[in-house]
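> The structure's right below; bear with me while I get my questions together.
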Amino acid sequence: MSSKFKLYNRLKYIFIDTGNSDSILIKDNGKNMLIDGAENDDEKSLVEYLKMQEVKKLDYIVLTHPDADHCGALDAVIKNFEIGIVLIGNGSADTKTYKDCVQAATNKNLKPSVPLEDKIVTLGNGTFQFYNTKSQSKDVNDRSLIMLYKNDEHEFLFTGDAGWQRCRKIYLR
């Protein structure tokens with residue numbers, strides 16, 4: 001498993017190479033967020049990679065939407081690390097993979113919840129603002145949580161699998 005990352009002050013964002021799936025680790029001033037959790041086959045390698053990155057606690061896990069290529073390994077991550085808060089996109093899925101993720105959180109007395117629209121959470125020296133939390137789209141990808149991360153003069157837009165038109169409307173607000 002490899003990664004590509006940038007370092008700004010004490011900010012590190014790592015796009016974890018899991019093949020055709022998604023998993024992004026944000027490390028900001030001692031706080032950690034994992035956005036999505038790759039596929040089921042990536043459980044062992046994702047857990048090992050996070051340990052290699054010296055992650056002990058994930059302050060936030062964000063599941064942008066319930067597709068297997070975004071939530072597959074999250075049950076293993078939840079089982080192997082201390083977890084603060086689990087945030088999920090609007091809607092659910094009737095798949096074993098999604099149910100395993102939610103069940104792993106429930107087993108640790110975590111309550112996965114959809115963040116409020118425009119909610120801002122702090123991570124280290126930066127903030128995340130959540131969008132698209134009320135989407136009723138029939139397309140599960142267009143129900144993806146969209147997050148704008150700000151840290152000093154840097155901004156990053158994380159979109160899950162939301163389409164360009166949905167992201168553009170949010171970013172141009």
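Simple scheme: letters A, B, ... for chains in structure tokens order, numbers from 1 for residues in each chain, numbers from 1 for ligands in the order shown.
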Residues of region 28-54 of chain A that have any atom at most 6 Å from an atom of region 114-126 of chain A: could you tabulate them with the shortest-distance atom pair and the distance in Å to one decimal, using only C-alpha atoms, ordered by chain and increasing number, as CSV?

residue,atom,partner,partner_atom,distance
A:Asp28,CA,A:Gly124,CA,4.8
A:Asn29,CA,A:Gly124,CA,4.8
A:Lys31,CA,A:Gly124,CA,5.4
> So that I can see what lies close to Ala73 (chain A), please list as a PyMOL selection string the residues with an atom at most 6 Å from it, counting only C-alpha atoms and leaving out residues fewer than 4 positions away in the same chain.
chain A and resi 37-40+42-43
> Give me, please, the distance in Å between CA of Asn109 (chain A) and CA of Asp75 (chain A), quoted to one decimal.
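We find that CA of Asn109 (chain A) and CA of Asp75 (chain A) lie 13.5 Å from each other.
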> Could you give me, as a list in words, the residues within 8 Å of region 139-143 of chain A, counting only C-alpha atoms and dropping anything in the same chain fewer than 3 positions from it?
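These residues fall inside the cut-off: His65, Pro66, Asp67, Gly89, Asn90, Gly91, Asn132, Thr133, Lys134, Ser135, Gln136, Gly160, Asp161, Ala162, Gly163 and Arg166 of chain A.
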> Using backbone DSSP assignments, extract all alpha helix (DSSP H) residues from region 136-167 of chain A; output them as number ranges by chain.
A: 164-167
> Rounded to one decimal, what separation in Å do you get between CA of Asp17 (chain A) and CA of Tyr49 (chain A)?
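Taking CA of Asp17 (chain A) and CA of Tyr49 (chain A), their separation equals 10.4 Å.
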> Return as a VMD selection string the full set of residues in region 20-112 of chain A whose backbone-based DSSP assignment is strand (DSSP E).
chain A and resid 24 to 28 31 to 35 57 to 63 82 to 88
> Any idea what's packed within 12 Å of Asn151 (chain A), counting only C-alpha atoms, ignoring anything in its chain fewer than 3 positions away? Could you give it as a list of chain:residue names?
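The filter keeps A:Leu7, A:Tyr8, A:Asn9, A:Arg10, A:Leu11, A:Lys12, A:Tyr13, A:Ile26, A:Lys27, A:Asp28, A:Asn29, A:Thr122, A:Leu123, A:Gly124, A:Asn125, A:Gly126, A:Thr127, A:Phe128, A:Gln129, A:Leu148, A:His154, A:Glu155, A:Phe156, A:Leu157.
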> So how far away is CA of Ile35 (chain A) from CA of Leu87 (chain A), in Å?
9.5 Å
> Nearest residue to Asp94 (chain A) out of A:Phe158, A:Asp36, A:Asp22, A:Ala68, using only C-alpha atoms?
A:Ala68
> Using only C-alpha atoms for the distances, tell me which of A:Asp59, A:Asp41, A:Asp152, A:Glu54 is nearest to Glu82 (chain A).
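The answer is A:Asp59, which sits nearest to Glu82 (chain A).
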> Looking at only C-alpha atoms, which of A:Cys71, A:Val55, A:Ile83, A:Leu110 is the one that sits closest to Gly30 (chain A)?
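Using only C-alpha atoms, Gly30 (chain A) sits closest to A:Val55.
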> Report as a ChimeraX atom specification all protein, DNA and RNA residues lying within 12 Å of Lys51 (chain A), evaluated on only C-alpha atoms, omitting residues in the same chain fewer than 6 positions from it.
/A:25,44-45,57-58,77,80-82
